[in-house]
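A.B. asks: Pasting structure-v2.cif here (mmCIF, C-alpha atoms and all ligand atoms):
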data_data
loop_
_atom_site.label_atom_id
_atom_site.label_comp_id
_atom_site.auth_asym_id
_atom_site.auth_seq_id
_atom_site.Cartn_x
_atom_site.Cartn_y
_atom_site.Cartn_z
CA MET A 1 -50.44 49.30 39.70
CA SER A 2 -52.34 49.51 36.44
CA ALA A 3 -49.27 48.30 34.56
CA ILE A 4 -49.20 45.13 36.66
CA HIS A 5 -52.91 44.75 36.12
CA THR A 6 -52.44 44.92 32.35
CA TRP A 7 -49.64 42.38 32.53
CA VAL A 8 -51.76 39.93 34.49
CA CYS A 9 -54.54 40.30 31.98
CA PHE A 10 -52.14 39.82 29.13
CA LEU A 11 -50.62 36.65 30.66
CA LEU A 12 -54.10 35.32 31.39
CA TRP A 13 -55.13 35.96 27.79
CA ILE A 14 -51.95 34.22 26.50
CA SER A 15 -52.55 31.14 28.66
CA LEU A 16 -56.21 30.98 27.64
CA SER A 17 -55.53 31.31 23.96
CA THR A 18 -52.74 28.70 23.97
CA GLN A 19 -54.92 26.33 25.96
CA LYS A 20 -57.54 26.46 23.26
CA GLY A 21 -54.89 25.48 20.71
CA THR A 22 -54.95 26.72 17.18
CA PRO A 23 -57.91 28.92 16.37
CA ASP A 24 -60.67 27.75 14.05
CA VAL A 25 -60.01 28.28 10.41
CA MET A 26 -62.88 29.48 8.25
CA VAL A 27 -62.90 28.13 4.72
CA THR A 28 -65.40 29.13 2.03
CA CYS A 29 -65.68 26.91 -1.02
CA PHE A 30 -67.87 27.06 -4.10
CA ILE A 31 -70.55 24.47 -4.65
CA SER A 32 -69.73 21.62 -7.09
CA GLU A 33 -66.02 22.38 -6.85
CA ASP A 34 -63.23 20.59 -4.98
CA CYS A 35 -62.46 22.03 -1.58
CA ARG A 36 -59.30 21.83 0.52
CA LEU A 37 -59.56 21.83 4.30
CA PRO A 38 -56.16 22.96 5.63
CA CYS A 39 -54.24 21.14 8.36
CA ASN A 40 -50.52 21.58 8.97
CA PHE A 41 -48.16 19.97 11.44
CA GLN A 42 -44.45 19.55 12.23
CA PRO A 43 -43.32 16.84 9.73
CA ASP A 44 -42.33 13.53 11.27
CA SER A 45 -41.32 10.10 10.03
CA GLU A 46 -44.49 8.65 11.51
CA ALA A 47 -47.84 10.33 11.52
CA THR A 48 -51.44 9.27 11.94
CA ILE A 49 -53.96 11.68 10.53
CA GLU A 50 -57.60 11.55 11.42
CA TRP A 51 -60.26 13.84 10.07
CA PHE A 52 -63.54 14.24 11.94
CA ARG A 53 -66.75 15.87 10.94
CA GLN A 54 -68.96 16.88 13.85
CA ASP A 55 -67.00 14.32 16.00
CA VAL A 56 -67.45 11.43 13.57
CA MET A 57 -64.29 10.14 11.92
CA ILE A 58 -64.53 10.43 8.19
CA TYR A 59 -60.95 9.81 7.07
CA LYS A 60 -57.87 8.13 8.53
CA PHE A 61 -54.42 8.03 7.10
CA GLU A 62 -51.30 6.36 8.50
CA GLN A 63 -47.89 7.34 7.29
CA ASP A 64 -44.91 4.94 7.66
CA GLU A 65 -41.26 5.70 7.18
CA GLU A 66 -40.70 3.02 4.52
CA GLU A 67 -43.67 3.93 2.42
CA ASN A 68 -42.75 7.54 2.54
CA ASP A 69 -39.83 7.28 0.07
CA GLY A 70 -41.81 7.45 -3.11
CA ASP A 71 -43.66 10.66 -3.82
CA ASP A 72 -46.52 8.81 -5.50
CA GLU A 73 -49.85 10.06 -4.27
CA GLU A 74 -52.41 7.31 -4.74
CA GLU A 75 -50.11 4.24 -4.76
CA ASP A 76 -49.08 4.69 -1.15
CA ASN A 77 -52.66 4.18 -0.10
CA ASP A 78 -52.94 0.84 -1.88
CA ASP A 79 -49.85 -0.58 -0.12
CA SER A 80 -51.29 -0.21 3.35
CA SER A 81 -53.14 -3.32 4.37
CA SER A 82 -54.83 -1.81 7.39
CA GLU A 83 -58.44 -2.19 8.43
CA GLU A 84 -59.24 1.26 7.15
CA HIS A 85 -58.03 0.32 3.72
CA LEU A 86 -61.41 -0.61 2.33
CA GLU A 87 -63.10 2.29 4.06
CA GLN A 88 -60.62 4.68 2.59
CA GLN A 89 -61.20 3.33 -0.87
CA GLN A 90 -64.92 3.78 -0.49
CA VAL A 91 -64.71 7.37 0.49
CA ALA A 92 -61.83 8.02 -1.86
CA GLY A 93 -64.35 9.11 -4.45
CA GLN A 94 -65.46 12.00 -2.23
CA MET A 95 -62.31 12.95 -0.34
CA PHE A 96 -58.57 12.34 -0.18
CA ILE A 97 -55.34 13.27 1.52
CA SER A 98 -52.20 13.47 -0.54
CA PRO A 99 -49.45 11.26 1.04
CA ALA A 100 -46.73 13.25 -0.67
CA LEU A 101 -47.89 16.39 1.13
CA VAL A 102 -48.25 14.58 4.47
CA SER A 103 -44.51 13.91 4.48
CA ARG A 104 -44.06 17.68 4.31
CA GLY A 105 -46.41 18.30 7.21
CA ASN A 106 -49.42 19.15 5.10
CA ALA A 107 -52.41 16.96 5.99
CA SER A 108 -55.09 18.96 4.21
CA LEU A 109 -58.16 17.02 3.20
CA VAL A 110 -59.64 17.53 -0.22
CA LEU A 111 -63.40 17.12 -0.56
CA LYS A 112 -64.46 16.53 -4.11
CA LYS A 113 -67.40 18.27 -5.74
CA ILE A 114 -68.86 19.61 -2.53
CA GLY A 115 -72.53 20.30 -1.93
CA LEU A 116 -74.50 22.24 0.67
CA LYS A 117 -74.62 19.12 2.88
CA ASP A 118 -70.84 19.36 3.36
CA ARG A 119 -71.15 22.57 5.38
CA GLY A 120 -70.06 22.31 8.99
CA THR A 121 -67.20 21.94 11.44
CA TYR A 122 -64.32 19.59 10.70
CA ARG A 123 -61.41 18.62 12.91
CA CYS A 124 -58.03 17.33 11.93
CA GLN A 125 -56.12 15.26 14.51
CA VAL A 126 -52.46 14.46 13.86
CA THR A 127 -50.53 12.05 16.10
CA THR A 128 -46.77 11.93 15.69
CA SER A 129 -43.89 10.73 17.91
CA LYS A 130 -43.68 14.34 19.17
CA GLY A 131 -47.26 14.40 20.34
CA GLN A 132 -50.73 15.41 19.18
CA HIS A 133 -51.90 18.34 17.17
CA GLY A 134 -55.42 19.30 16.28
CA ALA A 135 -57.13 21.99 14.27
CA ASN A 136 -60.72 22.93 13.59
CA VAL A 137 -61.92 23.98 10.19
CA ILE A 138 -65.31 25.55 9.59
CA LEU A 139 -66.49 25.01 6.06
CA ARG A 140 -68.93 27.37 4.40
CA VAL A 141 -70.31 26.48 1.01
CA GLU A 142 -71.29 29.21 -1.39
CA ALA A 143 -73.30 29.04 -4.59
CA PRO A 144 -72.09 32.29 -6.13
CA LEU A 145 -74.08 34.75 -8.17
CA HIS A 146 -73.62 34.41 -11.89
CA GLY A 147 -75.86 37.27 -12.85
CA LEU A 148 -79.33 38.64 -12.53
CA SER A 149 -82.10 39.17 -14.97
CA LEU A 150 -84.35 42.18 -15.10
CA GLU A 151 -87.68 42.42 -16.88
CA LEU A 152 -90.32 45.09 -17.26
CA SER A 153 -93.76 43.64 -16.65
CA ARG A 154 -97.25 45.01 -17.26
CA MET A 155 -98.99 41.84 -16.13
CA SER A 156 -100.46 43.33 -12.94
CA GLY A 157 -102.10 46.25 -14.71
CA TYR A 158 -99.25 48.59 -13.86
CA GLU A 159 -95.61 48.71 -14.88
CA GLU A 160 -93.10 47.05 -12.60
CA MET A 161 -89.50 45.93 -12.76
CA ILE A 162 -88.85 42.34 -11.80
CA CYS A 163 -85.38 41.24 -10.83
CA THR A 164 -84.65 37.51 -10.61
CA ILE A 165 -81.66 35.67 -9.22
CA ASN A 166 -81.54 31.88 -9.28
CA ASN A 167 -79.53 29.15 -7.57
CA VAL A 168 -77.59 31.14 -5.01
CA TYR A 169 -76.49 30.33 -1.49
CA PRO A 170 -76.62 31.85 1.10
CA HIS A 171 -79.58 34.16 0.46
CA PRO A 172 -78.38 37.36 -1.21
CA ARG A 173 -79.11 40.95 -0.26
CA VAL A 174 -81.30 42.71 -2.81
CA SER A 175 -81.78 46.46 -2.97
CA TRP A 176 -83.08 48.94 -5.52
CA ASP A 177 -81.83 52.29 -6.60
CA THR A 178 -82.64 54.80 -9.29
CA GLU A 179 -80.54 56.97 -11.54
CA PRO A 180 -80.85 59.85 -10.90
CA SER A 181 -81.62 59.01 -7.30
CA THR A 182 -85.02 59.84 -5.89
CA PHE A 183 -86.32 60.51 -2.40
CA GLU A 184 -89.47 58.56 -3.09
CA ASP A 185 -89.79 55.16 -1.44
CA LEU A 186 -89.55 52.41 -4.03
CA ARG A 187 -91.06 49.78 -1.68
CA PRO A 188 -89.60 46.68 -3.25
CA VAL A 189 -91.25 43.32 -2.61
CA THR A 190 -88.67 40.56 -2.39
CA ARG A 191 -89.52 36.89 -2.17
CA MET A 192 -87.07 34.06 -1.70
CA HIS A 193 -87.57 30.35 -1.60
CA ASN A 194 -85.38 27.28 -1.61
CA ASN A 195 -85.35 24.87 -4.50
CA LYS A 196 -84.84 21.11 -4.09
CA GLN A 197 -81.09 21.47 -3.64
CA GLY A 198 -81.57 24.12 -0.97
CA LEU A 199 -80.44 26.94 -3.23
CA PHE A 200 -82.27 30.24 -3.20
CA MET A 201 -84.53 31.50 -5.93
CA VAL A 202 -85.07 35.22 -5.52
CA ASN A 203 -87.67 37.49 -7.07
CA SER A 204 -87.77 41.19 -6.27
CA ARG A 205 -90.12 43.73 -7.81
CA VAL A 206 -90.75 47.46 -7.71
CA LYS A 207 -93.61 49.48 -9.17
CA LEU A 208 -92.45 52.21 -11.51
CA LEU A 209 -92.95 55.66 -10.02
CA LYS A 210 -95.67 57.71 -11.67
CA GLY A 211 -94.65 60.75 -13.66
CA ARG A 212 -90.97 59.83 -13.78
CA PRO A 213 -90.56 58.27 -17.22
CA ASN A 214 -86.83 58.84 -17.53
CA LEU A 215 -85.78 57.15 -14.32
CA ILE A 216 -83.41 54.19 -14.53
CA TYR A 217 -84.23 51.44 -12.01
CA ILE A 218 -81.22 49.53 -10.72
CA CYS A 219 -81.48 46.13 -9.08
CA LYS A 220 -78.47 45.55 -6.83
CA VAL A 221 -77.54 42.16 -5.41
CA THR A 222 -74.72 41.11 -3.09
CA SER A 223 -73.88 37.82 -1.45
CA SER A 224 -74.21 37.87 2.33
CA TYR A 225 -70.67 36.42 2.38
CA GLY A 226 -69.49 39.65 0.81
CA GLY A 227 -67.92 40.14 -2.57
CA PRO A 228 -68.86 42.46 -5.40
CA ALA A 229 -72.29 43.97 -5.91
CA TRP A 230 -74.02 42.89 -9.10
CA THR A 231 -76.36 45.35 -10.75
CA ALA A 232 -78.78 45.33 -13.63
CA SER A 233 -80.91 48.10 -15.05
CA LEU A 234 -83.28 48.35 -17.94
CA LYS A 235 -85.05 50.92 -20.10
CA GLU A 236 -87.64 50.27 -22.79
CA ARG A 237 -89.08 52.40 -25.57
CA GLU A 238 -90.87 52.15 -28.91
CA ILE A 239 -90.05 53.85 -32.19
CA LYS A 240 -92.35 53.98 -35.18
CA TRP A 241 -90.45 54.69 -38.36
CA THR A 242 -90.87 54.80 -42.10
CA GLN A 243 -89.24 52.35 -44.43
CA GLY A 244 -86.20 53.56 -46.33
CA LYS A 245 -85.42 56.44 -43.95
CA ASP A 246 -82.19 56.07 -41.95
CA LEU A 247 -82.89 55.61 -38.25
CA THR A 248 -80.70 56.23 -35.23
CA ILE A 249 -81.66 53.98 -32.32
CA PRO A 250 -80.52 55.78 -29.19
CA CYS A 251 -78.62 54.17 -26.35
CA THR A 252 -76.79 56.05 -23.63
CA SER A 253 -74.63 54.51 -20.94
CA PRO A 254 -75.52 55.61 -17.40
CA SER A 255 -72.83 57.53 -15.56
CA TYR A 256 -72.37 54.86 -12.88
CA LEU A 257 -70.80 52.37 -15.31
CA ASP A 258 -67.06 52.66 -15.75
CA SER A 259 -65.84 52.08 -19.35
CA PRO A 260 -68.35 49.40 -20.22
CA SER A 261 -68.36 47.17 -23.27
CA LEU A 262 -71.29 47.42 -25.63
CA GLU A 263 -73.37 44.84 -27.41
CA TRP A 264 -76.28 45.26 -29.80
CA SER A 265 -78.62 42.42 -30.63
CA TYR A 266 -81.90 41.97 -32.46
CA SER A 267 -84.91 39.78 -31.86
CA ASN A 268 -88.25 39.29 -33.50
CA GLY A 269 -90.33 36.55 -31.99
CA PRO A 270 -88.26 33.38 -31.98
CA GLN A 271 -85.63 34.97 -34.17
CA HIS A 272 -82.51 36.26 -32.38
CA SER A 273 -79.35 37.60 -33.87
CA HIS A 274 -76.24 39.41 -32.77
CA ILE A 275 -75.67 42.77 -34.40
CA LEU A 276 -72.39 44.07 -33.06
CA THR A 277 -69.95 44.14 -30.17
CA TYR A 278 -67.81 47.04 -29.07
CA ASP A 279 -64.82 46.16 -26.88
CA SER A 280 -64.02 48.98 -24.47
CA ARG A 281 -60.37 47.94 -24.07
CA SER A 282 -59.43 47.79 -27.74
CA GLY A 283 -61.98 50.35 -28.91
CA HIS A 284 -62.92 48.07 -31.77
CA SER A 285 -66.37 47.12 -32.87
CA THR A 286 -67.23 44.05 -34.88
CA SER A 287 -70.56 43.46 -36.55
CA THR A 288 -71.94 40.18 -37.75
CA PRO A 289 -73.20 39.71 -41.29
CA PRO A 290 -75.74 40.49 -42.65
CA TRP A 291 -76.05 43.35 -40.15
CA ASN A 292 -72.74 44.88 -41.19
CA LYS A 293 -74.49 46.07 -44.37
CA TYR A 294 -77.20 47.95 -42.48
CA VAL A 295 -75.71 49.30 -39.28
CA GLU A 296 -73.16 51.86 -38.24
CA LEU A 297 -71.75 52.66 -34.79
CA ASP A 298 -69.69 55.74 -34.09
CA GLY A 299 -66.87 54.12 -32.13
CA PHE A 300 -65.44 57.48 -31.10
CA ARG A 301 -68.59 58.36 -29.21
CA VAL A 302 -68.92 55.11 -27.25
CA PRO A 303 -66.25 56.07 -24.65
CA PHE A 304 -68.40 59.16 -23.98
CA GLY A 305 -71.42 56.99 -23.29
CA ASP A 306 -73.16 57.23 -26.65
CA GLY A 307 -73.77 53.79 -28.08
CA SER A 308 -76.45 54.81 -30.57
CA LEU A 309 -76.83 52.59 -33.58
CA ARG A 310 -77.55 53.91 -37.05
CA LEU A 311 -79.79 51.70 -39.12
CA MET A 312 -79.44 52.45 -42.80
CA ASP A 313 -82.23 52.03 -45.32
CA PRO A 314 -84.44 50.00 -42.95
CA LYS A 315 -86.94 47.57 -44.46
CA ASN A 316 -90.29 46.75 -42.94
CA SER A 317 -89.87 43.02 -43.40
CA LYS A 318 -86.28 42.67 -42.23
CA HIS A 319 -85.84 45.36 -39.60
CA THR A 320 -89.03 45.53 -37.59
CA GLY A 321 -88.33 44.03 -34.18
CA SER A 322 -86.70 44.56 -30.84
CA TYR A 323 -83.21 46.09 -30.66
CA THR A 324 -81.32 45.50 -27.44
CA CYS A 325 -78.33 47.58 -26.48
CA MET A 326 -76.37 46.36 -23.46
CA PHE A 327 -73.57 48.20 -21.73
CA SER A 328 -71.74 45.87 -19.38
CA THR A 329 -68.80 45.60 -17.04
CA GLN A 330 -67.88 42.47 -15.12
CA TYR A 331 -70.70 42.69 -12.57
CA ASN A 332 -72.99 45.33 -14.05
CA THR A 333 -75.32 45.52 -16.98
CA TYR A 334 -77.43 48.31 -18.36
CA THR A 335 -79.91 47.43 -21.08
CA GLU A 336 -81.97 49.59 -23.42
CA ARG A 337 -84.57 47.78 -25.44
CA THR A 338 -86.14 49.60 -28.36
CA ASN A 339 -89.11 48.16 -30.14
CA VAL A 340 -88.77 49.40 -33.71
CA ILE A 341 -91.78 49.29 -35.97
CA ILE A 342 -90.95 50.09 -39.56
CA ASP A 343 -94.04 50.96 -41.57
CA GLY A 344 -93.97 49.75 -45.10
CA PRO A 345 -95.22 52.49 -47.49
CA SER A 346 -98.38 50.48 -48.18
CA GLY A 347 -98.64 49.05 -44.72
CA ALA A 348 -99.74 45.50 -45.36
CA LYS A 349 -98.06 44.47 -48.59
CA ALA A 350 -94.44 45.11 -47.72
CA GLY A 351 -92.97 42.59 -50.10
CA GLU A 352 -94.64 44.16 -53.07
CA THR A 353 -93.68 47.73 -52.26
CA GLU A 354 -90.06 46.82 -51.78
CA THR A 355 -89.74 46.24 -55.50
CA ARG A 356 -91.14 49.65 -56.33
CA ALA A 357 -88.69 52.37 -57.10
CA SER A 358 -90.57 55.32 -55.66
CA ASP A 359 -92.65 55.50 -52.48
CA LYS A 360 -94.88 58.45 -53.36
CA PRO A 361 -97.51 56.78 -55.57
CA SER A 362 -98.30 54.26 -52.88
CA TYR A 363 -98.88 57.04 -50.34
CA TRP A 364 -101.55 58.45 -52.62
CA TRP A 365 -103.00 55.02 -52.94
CA VAL A 366 -103.23 54.71 -49.15
CA ALA A 367 -104.80 58.18 -48.86
CA GLY A 368 -107.30 57.26 -51.58
CA LEU A 369 -108.22 54.06 -49.81
CA VAL A 370 -108.72 55.86 -46.49
CA ILE A 371 -110.97 58.48 -48.12
CA ALA A 372 -112.97 55.77 -49.86
CA LEU A 373 -113.44 53.87 -46.61
CA LEU A 374 -114.50 57.04 -44.78
CA ALA A 375 -117.03 57.84 -47.49
CA LEU A 376 -118.38 54.30 -47.30
CA ALA A 377 -118.68 54.55 -43.51
CA LEU A 378 -120.49 57.88 -43.81
CA VAL A 379 -122.95 56.44 -46.31
CA GLY A 380 -123.48 53.43 -44.07
CA LEU A 381 -124.10 55.69 -41.09
CA LEU A 382 -126.63 57.81 -42.99
CA VAL A 383 -128.49 54.72 -44.12
CA TYR A 384 -128.49 53.37 -40.59
CA MET A 385 -129.80 56.63 -39.11
CA LYS A 386 -132.52 56.85 -41.71
CA MET A 387 -133.68 53.31 -41.04
CA LYS A 388 -133.76 53.85 -37.27
CA GLY A 389 -135.83 56.97 -37.85
CA ASN A 390 -136.52 59.02 -34.73
CA ARG A 391 -134.64 56.59 -32.39
CA GLU A 392 -131.48 58.46 -33.17
CA LYS A 393 -128.30 57.08 -31.70
CA LYS A 394 -125.16 59.12 -31.63
CA PRO A 395 -121.94 57.38 -32.56
CA THR A 396 -120.37 58.92 -29.38
CA ASN A 397 -121.95 56.08 -27.41
CA ASP A 398 -119.40 53.71 -28.77
CA PRO A 399 -116.35 54.78 -26.73
CA GLU A 400 -118.23 54.06 -23.51
CA GLU A 401 -118.92 50.59 -24.63
CA VAL A 402 -115.29 50.15 -25.54
CA THR A 403 -114.05 51.31 -22.14
CA GLU A 404 -116.49 49.02 -20.39
CA LEU A 405 -115.20 46.19 -22.48
CA ASN A 406 -111.67 47.13 -21.47
CA VAL A 407 -112.53 47.08 -17.79
CA VAL A 408 -113.87 43.59 -18.13
CA LYS A 409 -110.80 42.57 -20.05
CA ASP A 410 -108.47 44.13 -17.46
CA ALA A 411 -110.24 42.32 -14.66
CA ALA A 412 -109.82 39.06 -16.50
CA GLU A 413 -106.13 39.77 -16.97
CA THR A 414 -105.35 40.65 -13.38
CA LYS A 415 -107.18 37.76 -11.81
CA PRO A 416 -104.72 34.95 -12.55
CA ASN A 417 -101.91 37.19 -11.31
CA GLU A 418 -103.47 37.81 -7.92
CA SER A 419 -103.33 34.16 -7.13
CA SER A 420 -99.74 33.95 -8.35
CA PRO A 421 -98.28 30.76 -6.92
CA PHE A 422 -95.48 31.73 -4.63
CA THR A 423 -94.25 29.28 -2.11
CA GLU A 424 -93.02 31.65 0.49
CA ALA A 425 -91.35 28.93 2.48
CA ASP A 426 -88.26 30.91 3.21
CA THR A 427 -86.24 28.43 5.17
CA ASP A 428 -83.21 30.45 5.95
CA ARG A 429 -80.90 28.32 7.95
C1 LIG A 501 -50.78 22.20 1.45
O1 LIG A 501 -50.89 21.70 0.12
C2 LIG A 501 -51.78 22.36 -0.72
C3 LIG A 501 -51.77 21.68 -2.07
O2 LIG A 501 -50.56 21.76 -2.74
C4 LIG A 501 -51.40 23.84 -0.85
O3 LIG A 501 -52.33 24.51 -1.62
C5 LIG A 501 -51.32 24.46 0.54
O4 LIG A 501 -50.87 25.79 0.42
C6 LIG A 501 -50.36 23.66 1.41
N1 LIG A 501 -50.32 24.26 2.75
C7 LIG A 501 -49.19 24.70 3.29
C8 LIG A 501 -49.32 25.38 4.60
O5 LIG A 501 -48.12 24.57 2.73
#
Starting from the coordinates I provided, produce the structure as structure tokens.

C.D. replies:
Amino acid sequence: MSAIHTWVCFLLWISLSTQKGTPDVMVTCFISEDCRLPCNFQPDSEATIEWFRQDVMIYKFEQDEEENDGDDEEEDNDDSSSEEHLEQQQVAGQMFISPALVSRGNASLVLKKIGLKDRGTYRCQVTTSKGQHGANVILRVEAPLHGLSLELSRMSGYEEMICTINNVYPHPRVSWDTEPSTFEDLRPVTRMHNNKQGLFMVNSRVKLLKGRPNLIYICKVTSSYGGPAWTASLKEREIKWTQGKDLTIPCTSPSYLDSPSLEWSYSNGPQHSHILTYDSRSGHSTSTPPWNKYVELDGFRVPFGDGSLRLMDPKNSKHTGSYTCMFSTQYNTYTERTNVIIDGPSGAKAGETETRASDKPSYWWVAGLVIALLALALVGLLVYMKMKGNREKKPTNDPEEVTELNVVKDAAETKPNESSPFTEADTDR
């Protein structure tokens, strides 16, 4: 009884699915690239191919036996003197069918340099002497992720990580994680809006958790069409160092990255330069001059996650700046940025002290200057107190004034940020 029932259901399903014809084909193409909409049929000497988009004919091609001999692709089109000839030529810039493939039963339509407006349902209709054949193609257009950028901001009066992704479609999925993971809620705020082309601009931010200075914050982004997850993470620190003393700038790869490559670079204001690259496959590191004279990387330790850079005989003038270490795999980056401040022995006049052979006399000079200034300040204070007489003011009043000044300054800084212009017109279609 139940066996018969199953059979009836099965036959019903067969008849229904054959009635509907070939199922819809889903095609995903990348924006600005050429895209092929597939359509195949039983080859015949005569075939008329029509392509429709949302029931409007957009391309027609007629194949004749005589014209079919040559395998030339574009020439065959020119020979036909049909009404559609001109129309075909006009749209030829945006789409084409290859006549050589049609003779082999392949009527796929190529759309050139597609945009978001090309999304939708297409239908191919082939008429041959054997009958008609049709197929639906659903085209999705994707503007893929090329990367994400992560910045640490103190603009709002507190520290926060800001992750930005630009020009993607459809809207991506953004999530945050920490290494090591924490049970605390990160509460990310993610904003997306469309630009003029309809592509998404994404901005996601998290406040850094208090009392957890060694946490790594990971911004994770995936396309809603699937594909790999892209991640970025960032750590920042500052090192104050003395000129002439070798310095090791630390950088440790997080455990979640699998045999990453390593790159060190330097920047100071508008000045940017590449220091060195370590290739994880070859195990070789190459440094660019003039950095090769000052830096050293222990290549044997990099596979174990230690990418620390040794800076030899650092100079205040040349080596103060921001050192960026980036561990990366195809879709993941981990960045450590170290702000290195190299104190010249005399502080201000670095150029002069560089020519000196020994550092010690200048230290004494600095100490002498500080003592002299202190003495001068003390004398000044005594004179001031004497002049004021009984209206004695303690110098401890000053810090209060300073903090009050800071509050005012902070308020001034946060104000423009509160009214940050975000067009939250998230038109997710
Ligand atoms: C149709 O032709 C295109 C272009 O050569 C090819 O990529 C595609 O695989 C062909 N389809 C079939 C079913 O042969």

A.B. asks: Assuming 3 Å of padding per side, give the centre and edge lengths of the axis-aligned box around every listed atom of ligand LIG 501 (chain A), in Å to one decimal and as AutoDock Vina command-line options.

C.D. replies:
--center_x -50.2 --center_y 23.7 --center_z 0.9 --size_x 10.2 --size_y 10.1 --size_z 13.3

A.B. asks: Identify, on the basis of only C-alpha atoms, every residue whose closest approach to segment 118-135 of chain A does not exceed 10 Å; exclude the query and any residue fewer than 4 positions from it along the same chain; express the result as a ChimeraX atom specification.

C.D. replies: /A:21-29,31,37-63,105,107-109,111,113-114,139-142

A.B. asks: Env of Val295 of chain A: 8 Å cut, atoms = all atoms listed in the file, seq-sep filter 3 positions within chain, self excluded. Answer as a PyMOL selection string.

C.D. replies: chain A and resi 291-292+309-312

A.B. asks: What lies within 8 Å of segment 338-340 of chain A using all atoms listed in the file, ignoring chain neighbours under 6 positions off, as JSON, numbers by chain?

C.D. replies: {"A": [236, 237, 238, 239, 240, 241, 249, 319, 320, 321, 322, 323, 324]}

A.B. asks: Counting all atoms listed in the file, which residue out of A:Ile341, A:Leu186, A:Met326, A:Leu257 sits closest to Val206 of chain A?

C.D. replies: A:Leu186

A.B. asks: Dump as a ChimeraX atom specification all residues having an atom at most 9 Å from (-70.4, 46.5, -37.6), computed in the file's coordinates with all atoms listed in the file.

C.D. replies: /A:275-278,285-289,291-297

A.B. asks: Interatomic distance between atom CA of Asp298 of chain A and atom CA of Gly344 of chain A?

C.D. replies: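 About the pair atom CA of Asp298 of chain A and atom CA of Gly344 of chain A: they are 27.3 Å apart.
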
A.B. asks: To one decimal place, how far is atom CA of Asp313 of chain A from atom CA of Asp246 of chain A in Å?

C.D. replies: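 Atom CA of Asp246 of chain A lies at a distance of 5.3 Å from atom CA of Asp313 of chain A.
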
A.B. asks: So how many Å separate atom CA of Val189 of chain A and atom CA of Phe30 of chain A, to one decimal?

C.D. replies: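 Answer for the atom CA of Val189 of chain A to atom CA of Phe30 of chain A separation: 28.5 Å.
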
A.B. asks: Find, counting only C-alpha atoms and all ligand atoms, the residue in A:Asp64, A:Asn194, A:Arg104, A:Gln94 that gets nearest to ligand LIG 501 (chain A).

C.D. replies: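 When distances to ligand LIG 501 (chain A) are compared using only C-alpha atoms and all ligand atoms, the smallest one comes from A:Arg104.
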
A.B. asks: Neighbours of Gln330 of chain A within 9 Å (all atoms listed in the file; same-chain residues fewer than 2 positions away dropped), as a PyMOL selection string?

C.D. replies: chain A and resi 230+260+328+332-333

A.B. asks: Which one is closest to Val202 of chain A: A:Ala229, A:Val102, A:Leu145, A:Leu152? Count all atoms listed in the file.

C.D. replies: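 Selected residue with least distance to Val202 of chain A: A:Leu145.
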